[in-house]
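Engineer: Enclosed is the structure file target19.pdb (PDB, C-alpha atoms).
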```pdb
ATOM      1  CA  MET A   1      16.089   8.295  -0.550
ATOM      2  CA  ASN A   2      15.474   4.635   0.224
ATOM      3  CA  ILE A   3      12.157   2.837  -0.311
ATOM      4  CA  LEU A   4      11.110   2.789   3.339
ATOM      5  CA  SER A   5      11.758   6.525   3.728
ATOM      6  CA  SER A   6       9.819   7.189   0.515
ATOM      7  CA  ILE A   7       6.780   5.256   1.765
ATOM      8  CA  LEU A   8       6.895   7.088   5.095
ATOM      9  CA  GLU A   9       7.117  10.407   3.268
ATOM     10  CA  ASN A  10       4.357   9.589   0.759
ATOM     11  CA  LYS A  11       1.953   8.401   3.484
ATOM     12  CA  ILE A  12      -0.487   6.957   0.937
ATOM     13  CA  VAL A  13      -0.279   3.513  -0.663
ATOM     14  CA  ALA A  14      -2.800   3.260  -3.507
ATOM     15  CA  ILE A  15      -4.080  -0.286  -3.949
ATOM     16  CA  ILE A  16      -4.829  -1.366  -7.525
ATOM     17  CA  ARG A  17      -6.824  -4.584  -7.314
ATOM     18  CA  GLY A  18      -8.488  -6.457 -10.157
ATOM     19  CA  ALA A  19      -7.875  -3.870 -12.878
ATOM     20  CA  ASN A  20      -7.613  -4.776 -16.537
ATOM     21  CA  PRO A  21      -3.851  -5.191 -17.152
ATOM     22  CA  ASN A  22      -4.105  -2.786 -20.113
ATOM     23  CA  ASP A  23      -5.455  -0.051 -17.813
ATOM     24  CA  VAL A  24      -2.980  -0.232 -14.934
ATOM     25  CA  LEU A  25      -0.311   2.000 -16.455
ATOM     26  CA  LYS A  26      -2.913   4.704 -17.171
ATOM     27  CA  ILE A  27      -4.239   4.388 -13.606
ATOM     28  CA  ALA A  28      -0.701   4.595 -12.222
ATOM     29  CA  LYS A  29       0.048   7.740 -14.240
ATOM     30  CA  ALA A  30      -3.203   9.388 -13.097
ATOM     31  CA  LEU A  31      -2.390   8.607  -9.449
ATOM     32  CA  HIS A  32       1.143   9.942  -9.841
ATOM     33  CA  GLU A  33      -0.233  13.125 -11.394
ATOM     34  CA  GLY A  34      -2.394  13.493  -8.289
ATOM     35  CA  GLY A  35       0.641  13.245  -6.024
ATOM     36  CA  VAL A  36       0.455   9.583  -4.983
ATOM     37  CA  GLY A  37       3.939   8.083  -5.052
ATOM     38  CA  ALA A  38       3.443   4.496  -3.812
ATOM     39  CA  LEU A  39       1.351   1.959  -5.713
ATOM     40  CA  GLU A  40       0.411  -1.570  -4.700
ATOM     41  CA  ILE A  41      -0.551  -4.024  -7.430
ATOM     42  CA  THR A  42      -2.272  -6.988  -5.841
ATOM     43  CA  MET A  43      -1.284 -10.518  -6.728
ATOM     44  CA  ASN A  44      -4.923 -11.576  -7.063
ATOM     45  CA  SER A  45      -5.274  -9.287 -10.083
ATOM     46  CA  PRO A  46      -4.976 -10.447 -13.711
ATOM     47  CA  LYS A  47      -1.346 -10.982 -14.875
ATOM     48  CA  PRO A  48       0.122  -9.249 -11.802
ATOM     49  CA  LEU A  49       3.790 -10.019 -12.469
ATOM     50  CA  SER A  50       3.764  -8.679 -16.016
ATOM     51  CA  VAL A  51       1.835  -5.600 -14.817
ATOM     52  CA  ILE A  52       4.367  -4.951 -12.033
ATOM     53  CA  GLU A  53       7.189  -5.316 -14.559
ATOM     54  CA  LYS A  54       5.542  -2.962 -17.050
ATOM     55  CA  VAL A  55       4.684  -0.232 -14.523
ATOM     56  CA  SER A  56       8.095  -0.554 -12.881
ATOM     57  CA  ASP A  57       9.842  -0.194 -16.256
ATOM     58  CA  GLU A  58       7.750   2.826 -17.252
ATOM     59  CA  LEU A  59       7.389   4.689 -13.955
ATOM     60  CA  GLY A  60      10.018   3.173 -11.674
ATOM     61  CA  ASP A  61      11.926   6.439 -11.380
ATOM     62  CA  GLN A  62       8.760   8.366 -10.445
ATOM     63  CA  VAL A  63       6.728   6.073  -8.196
ATOM     64  CA  ILE A  64       7.445   3.136  -5.883
ATOM     65  CA  ILE A  65       5.838  -0.108  -7.043
ATOM     66  CA  GLY A  66       4.855  -2.802  -4.569
ATOM     67  CA  ALA A  67       3.024  -6.125  -4.659
ATOM     68  CA  GLY A  68       0.021  -6.758  -2.433
ATOM     69  CA  THR A  69      -1.985  -9.754  -1.241
ATOM     70  CA  VAL A  70       1.266 -11.733  -1.066
ATOM     71  CA  LEU A  71       0.557 -14.920   0.896
ATOM     72  CA  ASP A  72       3.804 -16.881   0.652
ATOM     73  CA  PRO A  73       7.566 -16.420   0.203
ATOM     74  CA  GLU A  74       7.603 -17.796  -3.348
ATOM     75  CA  THR A  75       5.161 -15.119  -4.491
ATOM     76  CA  ALA A  76       7.163 -12.434  -2.677
ATOM     77  CA  ARG A  77      10.330 -13.485  -4.504
ATOM     78  CA  ALA A  78       8.608 -13.557  -7.902
ATOM     79  CA  ALA A  79       7.117 -10.104  -7.334
ATOM     80  CA  ILE A  80      10.457  -8.608  -6.262
ATOM     81  CA  LEU A  81      12.193 -10.086  -9.318
ATOM     82  CA  ALA A  82       9.434  -8.532 -11.473
ATOM     83  CA  GLY A  83      10.209  -5.097 -10.024
ATOM     84  CA  ALA A  84       8.299  -4.766  -6.743
ATOM     85  CA  SER A  85      10.262  -2.856  -4.107
ATOM     86  CA  PHE A  86       7.839  -3.489  -1.246
ATOM     87  CA  ILE A  87       5.655  -6.453  -0.313
ATOM     88  CA  LEU A  88       2.295  -6.227   1.459
ATOM     89  CA  SER A  89       0.349  -9.123   2.937
ATOM     90  CA  PRO A  90      -3.080  -9.356   4.583
ATOM     91  CA  THR A  91      -1.654 -11.649   7.278
ATOM     92  CA  VAL A  92       1.543 -12.419   9.201
ATOM     93  CA  ASN A  93       3.638 -15.017   7.389
ATOM     94  CA  ILE A  94       7.120 -15.006   8.880
ATOM     95  CA  GLU A  95       8.710 -16.849   5.934
ATOM     96  CA  THR A  96       7.300 -14.210   3.578
ATOM     97  CA  ILE A  97       8.818 -11.453   5.734
ATOM     98  CA  LYS A  98      12.192 -13.245   5.708
ATOM     99  CA  MET A  99      12.154 -13.713   1.924
ATOM    100  CA  THR A 100      11.215 -10.073   1.374
ATOM    101  CA  LYS A 101      14.066  -8.863   3.559
ATOM    102  CA  ARG A 102      16.502 -11.323   1.988
ATOM    103  CA  TYR A 103      15.900  -9.660  -1.373
ATOM    104  CA  GLY A 104      16.252  -6.161   0.045
ATOM    105  CA  ALA A 105      12.609  -5.155  -0.292
ATOM    106  CA  VAL A 106      10.418  -3.431   2.308
ATOM    107  CA  SER A 107       8.143  -5.789   4.236
ATOM    108  CA  ILE A 108       4.605  -4.685   5.169
ATOM    109  CA  PRO A 109       2.788  -7.673   6.710
ATOM    110  CA  GLY A 110      -0.851  -7.370   7.731
ATOM    111  CA  ALA A 111      -1.866  -7.853  11.350
ATOM    112  CA  PHE A 112      -4.860  -7.055  13.527
ATOM    113  CA  THR A 113      -4.368  -7.843  17.202
ATOM    114  CA  PRO A 114      -1.618  -6.344  19.384
ATOM    115  CA  THR A 115       0.015  -9.797  19.558
ATOM    116  CA  GLU A 116       0.044 -10.162  15.756
ATOM    117  CA  ILE A 117       1.297  -6.603  15.281
ATOM    118  CA  LEU A 118       4.192  -7.106  17.698
ATOM    119  CA  SER A 119       5.041 -10.527  16.235
ATOM    120  CA  ALA A 120       5.107  -9.133  12.692
ATOM    121  CA  TYR A 121       7.388  -6.289  13.775
ATOM    122  CA  GLU A 122       9.741  -8.465  15.827
ATOM    123  CA  ASN A 123      10.105 -10.840  12.880
ATOM    124  CA  GLY A 124      11.289  -8.093  10.536
ATOM    125  CA  GLY A 125       8.229  -6.211   9.292
ATOM    126  CA  ASP A 126       9.271  -2.645   8.453
ATOM    127  CA  ILE A 127       5.736  -1.245   8.605
ATOM    128  CA  ILE A 128       2.740  -3.167   9.914
ATOM    129  CA  LYS A 129      -0.464  -2.975   7.913
ATOM    130  CA  VAL A 130      -3.346  -2.886  10.395
ATOM    131  CA  PHE A 131      -5.955  -4.847   8.476
ATOM    132  CA  PRO A 132      -8.832  -4.469   8.427
ATOM    133  CA  ALA A 133      -8.947  -0.963   9.883
ATOM    134  CA  ALA A 134     -12.668  -1.281  10.498
ATOM    135  CA  LEU A 135     -12.369  -0.528  14.232
ATOM    136  CA  GLY A 136     -11.423   3.029  13.302
ATOM    137  CA  PRO A 137      -8.816   5.601  14.355
ATOM    138  CA  GLY A 138      -9.382   4.932  18.078
ATOM    139  CA  PHE A 139      -7.954   1.435  17.638
ATOM    140  CA  ILE A 140      -4.751   2.852  16.103
ATOM    141  CA  LYS A 141      -4.450   5.267  19.020
ATOM    142  CA  ASP A 142      -4.947   2.407  21.500
ATOM    143  CA  ILE A 143      -2.261   0.268  19.809
ATOM    144  CA  ARG A 144       0.154   3.207  19.751
ATOM    145  CA  GLY A 145      -0.109   3.466  23.557
ATOM    146  CA  PRO A 146       1.832   0.306  24.470
ATOM    147  CA  LEU A 147       3.560  -0.101  21.071
ATOM    148  CA  PRO A 148       4.619   3.427  20.038
ATOM    149  CA  GLN A 149       7.735   2.187  18.246
ATOM    150  CA  ILE A 150       5.810   0.255  15.575
ATOM    151  CA  PRO A 151       4.908   2.095  12.336
ATOM    152  CA  LEU A 152       1.240   1.363  11.542
ATOM    153  CA  LEU A 153      -0.458   1.542   8.127
ATOM    154  CA  PRO A 154      -4.242   1.148   8.537
ATOM    155  CA  THR A 155      -5.846  -0.377   5.442
ATOM    156  CA  GLY A 156      -9.410  -1.462   4.664
ATOM    157  CA  GLY A 157     -12.032   1.009   5.800
ATOM    158  CA  VAL A 158     -10.064   4.217   5.226
ATOM    159  CA  ASP A 159     -11.692   6.953   3.122
ATOM    160  CA  LEU A 160     -11.749  10.741   2.771
ATOM    161  CA  SER A 161     -14.073  11.127   5.755
ATOM    162  CA  ASN A 162     -11.710   9.482   8.260
ATOM    163  CA  ILE A 163      -8.165   9.552   6.848
ATOM    164  CA  GLN A 164      -7.202  12.675   8.810
ATOM    165  CA  ALA A 165      -8.443  11.036  12.018
ATOM    166  CA  PHE A 166      -6.300   7.963  11.306
ATOM    167  CA  MET A 167      -3.249  10.183  10.795
ATOM    168  CA  LYS A 168      -3.955  12.157  13.976
ATOM    169  CA  ALA A 169      -4.253   8.836  15.842
ATOM    170  CA  GLY A 170      -0.632   8.073  14.967
ATOM    171  CA  ALA A 171      -0.744   6.149  11.669
ATOM    172  CA  ILE A 172       2.347   6.650   9.494
ATOM    173  CA  GLY A 173       0.088   6.546   6.453
ATOM    174  CA  CYS A 174      -2.882   4.652   5.011
ATOM    175  CA  GLY A 175      -3.537   2.007   2.387
ATOM    176  CA  LEU A 176      -6.374   3.030   0.065
ATOM    177  CA  GLY A 177      -8.299   0.592  -2.084
ATOM    178  CA  SER A 178     -11.677   1.224  -3.708
ATOM    179  CA  ALA A 179     -12.090   4.524  -1.816
ATOM    180  CA  LEU A 180      -9.417   5.828  -4.196
ATOM    181  CA  VAL A 181      -9.102   3.348  -7.078
ATOM    182  CA  ASP A 182     -12.447   1.806  -8.047
ATOM    183  CA  THR A 183     -11.471  -0.804 -10.636
ATOM    184  CA  LYS A 184     -15.092  -1.813 -11.232
ATOM    185  CA  LEU A 185     -15.630   1.368 -13.260
ATOM    186  CA  GLU A 186     -14.662   1.697 -16.911
ATOM    187  CA  VAL A 187     -11.304   3.431 -17.296
ATOM    188  CA  THR A 188     -12.212   6.365 -19.558
ATOM    189  CA  ASP A 189     -10.468   9.729 -19.931
ATOM    190  CA  GLU A 190     -13.047  11.188 -17.548
ATOM    191  CA  TYR A 191     -12.372   8.418 -15.021
ATOM    192  CA  LEU A 192      -8.641   9.214 -15.101
ATOM    193  CA  VAL A 193      -9.230  12.953 -14.609
ATOM    194  CA  GLN A 194     -11.483  12.199 -11.620
ATOM    195  CA  LEU A 195      -8.915   9.735 -10.244
ATOM    196  CA  THR A 196      -6.198  12.392 -10.343
ATOM    197  CA  GLU A 197      -8.523  14.827  -8.571
ATOM    198  CA  LYS A 198      -9.423  12.277  -5.906
ATOM    199  CA  ALA A 199      -5.723  11.481  -5.395
ATOM    200  CA  LYS A 200      -5.046  15.191  -4.828
ATOM    201  CA  GLN A 201      -7.792  15.305  -2.191
ATOM    202  CA  PHE A 202      -6.316  12.353  -0.284
ATOM    203  CA  VAL A 203      -2.773  13.751  -0.521
ATOM    204  CA  SER A 204      -3.996  17.102   0.757
ATOM    205  CA  ALA A 205      -5.803  15.387   3.651
ATOM    206  CA  VAL A 206      -2.717  13.488   4.855
ATOM    207  CA  LYS A 207      -0.325  16.399   4.376
ATOM    208  CA  SER A 208      -2.538  18.663   6.490
ATOM    209  CA  ASN A 209      -1.336  16.748   9.556
ATOM    210  CA  ASP A 210       2.316  17.646   8.911
TER     211      ASP A 210
END
```
Written as structure tokens, that's how I'd like the structure from this file.
Structural biologist:
Amino acid sequence: MNILSSILENKIVAIIRGANPNDVLKIAKALHEGGVGALEITMNSPKPLSVIEKVSDELGDQVIIGAGTVLDPETARAAILAGASFILSPTVNIETIKMTKRYGAVSIPGAFTPTEILSAYENGGDIIKVFPAALGPGFIKDIRGPLPQIPLLPTGGVDLSNIQAFMKAGAIGCGLGSALVDTKLEVTDEYLVQLTEKAKQFVSAVKSND
């Protein structure tokens, strides 16, 4: 199965932002144990390239590793060479999309307005991250009306209380940050057990729409 199909099947992209580099592999394993198969390591985290390389080397045959908060094509290229198989951005940067596609990775640019969403898709975005998703599931449903062909991944503002509503509104999946992975907490054994349990709850919530 290719990367794009895997992301569409997984439905959840877990965002790991700002974690201690020594903890990321443990976090990734706990998420995988909970059924989450796509992980985004953000480029504004400590030592992101070495973390992507390490997690990709250790878990690359079990989970899909992507790079997030990618703002320019140079960063996209560096992340892909480190092992990232998909690239997420908070904004639409056409050169970043082009670089991502040139290296055979999946492009997930971030957009908000219908114009941005369409532009990102027409310029090669495989999935469009609707960011922030603060306007709620109704906004996704409204966008899907005139633009039903565009796969939408709402991110920023999605949690257990509304993820099913986002899926019912037509999202192909959701990006989950601190609602799933709270990197401000100390990564203890108990934290990892709770993380796996929380991952299972989110996976169950998105699969219930199948």
Engineer: Kindly assemble as a Markdown table a list of the region 117-176 of chain A residues that lie within 12 Å of region 63-70 of chain A, each paired with its nearest atom pair and their distance in Å to one decimal, using only C-alpha atoms, sorted first by chain and then by ascending residue number.
Structural biologist:
```
| residue | atom | partner | partner_atom | distance |
| --- | --- | --- | --- | --- |
| A:Lys129 | CA | A:Gly68 | CA | 11.0 |
| A:Phe131 | CA | A:Thr69 | CA | 11.6 |
| A:Thr155 | CA | A:Gly68 | CA | 11.7 |
| A:Gly175 | CA | A:Gly68 | CA | 10.6 |
| A:Leu176 | CA | A:Gly68 | CA | 12.0 |
```
Engineer: Please report the interatomic distance between CA of Asn20 (chain A) and CA of Ser204 (chain A) in Å with one decimal.
Structural biologist: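 These two atoms are separated by 28.1 Å.
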Engineer: CA of Gly173 (chain A) and CA of Leu59 (chain A) are how many Å apart?
Structural biologist: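 Distance between the two atoms: 21.8 Å.
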Engineer: With distances taken over all atoms listed in the file, which of A:Ile150, A:Ile80, A:Arg102, A:Gly138 is nearest to Tyr121 (chain A)?
Structural biologist: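 The answer is A:Ile150, which sits nearest to Tyr121 (chain A).
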Engineer: Would you pick out the contacts of Thr96 (chain A) at 10 Å or less, using all atoms listed in the file, so that residues sharing its chain but fewer than 4 positions from it are not included, and give the list as a PyMOL selection string?
Structural biologist: chain A and resi 70-77+87-89+92+100-102+107+109+125
Engineer: List every protein, DNA or RNA residue that has at least one atom no more than 7 Å from (-4.9, 13.7, -15.0) in the file's coordinates, counting only C-alpha atoms, and write the result as a PyMOL selection string.
Structural biologist: chain A and resi 30+33+192-193+196
Engineer: Go ahead and save the picked residues with C-alpha atoms, as an mmCIF file, in the coordinates of the input.
Structural biologist:
```cif
data_model
loop_
_atom_site.group_PDB
_atom_site.id
_atom_site.type_symbol
_atom_site.label_atom_id
_atom_site.label_comp_id
_atom_site.auth_asym_id
_atom_site.auth_seq_id
_atom_site.Cartn_x
_atom_site.Cartn_y
_atom_site.Cartn_z
ATOM 1 C CA ALA A 30 -3.203 9.388 -13.097
ATOM 2 C CA GLU A 33 -0.233 13.125 -11.394
ATOM 3 C CA LEU A 192 -8.641 9.214 -15.101
ATOM 4 C CA VAL A 193 -9.230 12.953 -14.609
ATOM 5 C CA THR A 196 -6.198 12.392 -10.343
#
```
Engineer: Identify all residues satisfying the PyMOL selection byres ((chain A and resi 142) around 12) in the given file; provide them as a list in words.
Structural biologist: Thr113, Pro114, Leu135, Gly136, Pro137, Gly138, Phe139, Ile140, Lys141, Ile143, Arg144, Gly145, Pro146, Leu147, Pro148, Leu152, Phe166, Ala169, Gly170 and Ala171 of chain A
Engineer: I'd like the contact shell of Val206 (chain A) - 9 Å cut-off, all atoms listed in the file, skipping same-chain residues fewer than 3 positions apart - returned as number ranges by chain.
Structural biologist: A: 11-12, 163-164, 167, 173-174, 201-203, 209-210
Engineer: Which is closest to Ile94 (chain A) among A:Val24, A:Ala78, A:Ile108, A:Leu39, if we use only C-alpha atoms?
Structural biologist: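 Of A:Val24, A:Ala78, A:Ile108, A:Leu39, the one nearest Ile94 (chain A), counting only C-alpha atoms, is A:Ile108.
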Engineer: Please indicate the distance in Å from CA of Asp126 (chain A) to CA of Phe86 (chain A), rounded to one decimal place.
Structural biologist: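 Value for the CA of Asp126 (chain A)-CA of Phe86 (chain A) distance: 9.8 Å.
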Engineer: When distances are computed from all atoms listed in the file, which of A:Ser178, A:Asp189, A:Pro151, A:Ile172 shows the smallest separation from Lys207 (chain A)?
Structural biologist: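 Among the listed residues, A:Ile172 lies closest to Lys207 (chain A).
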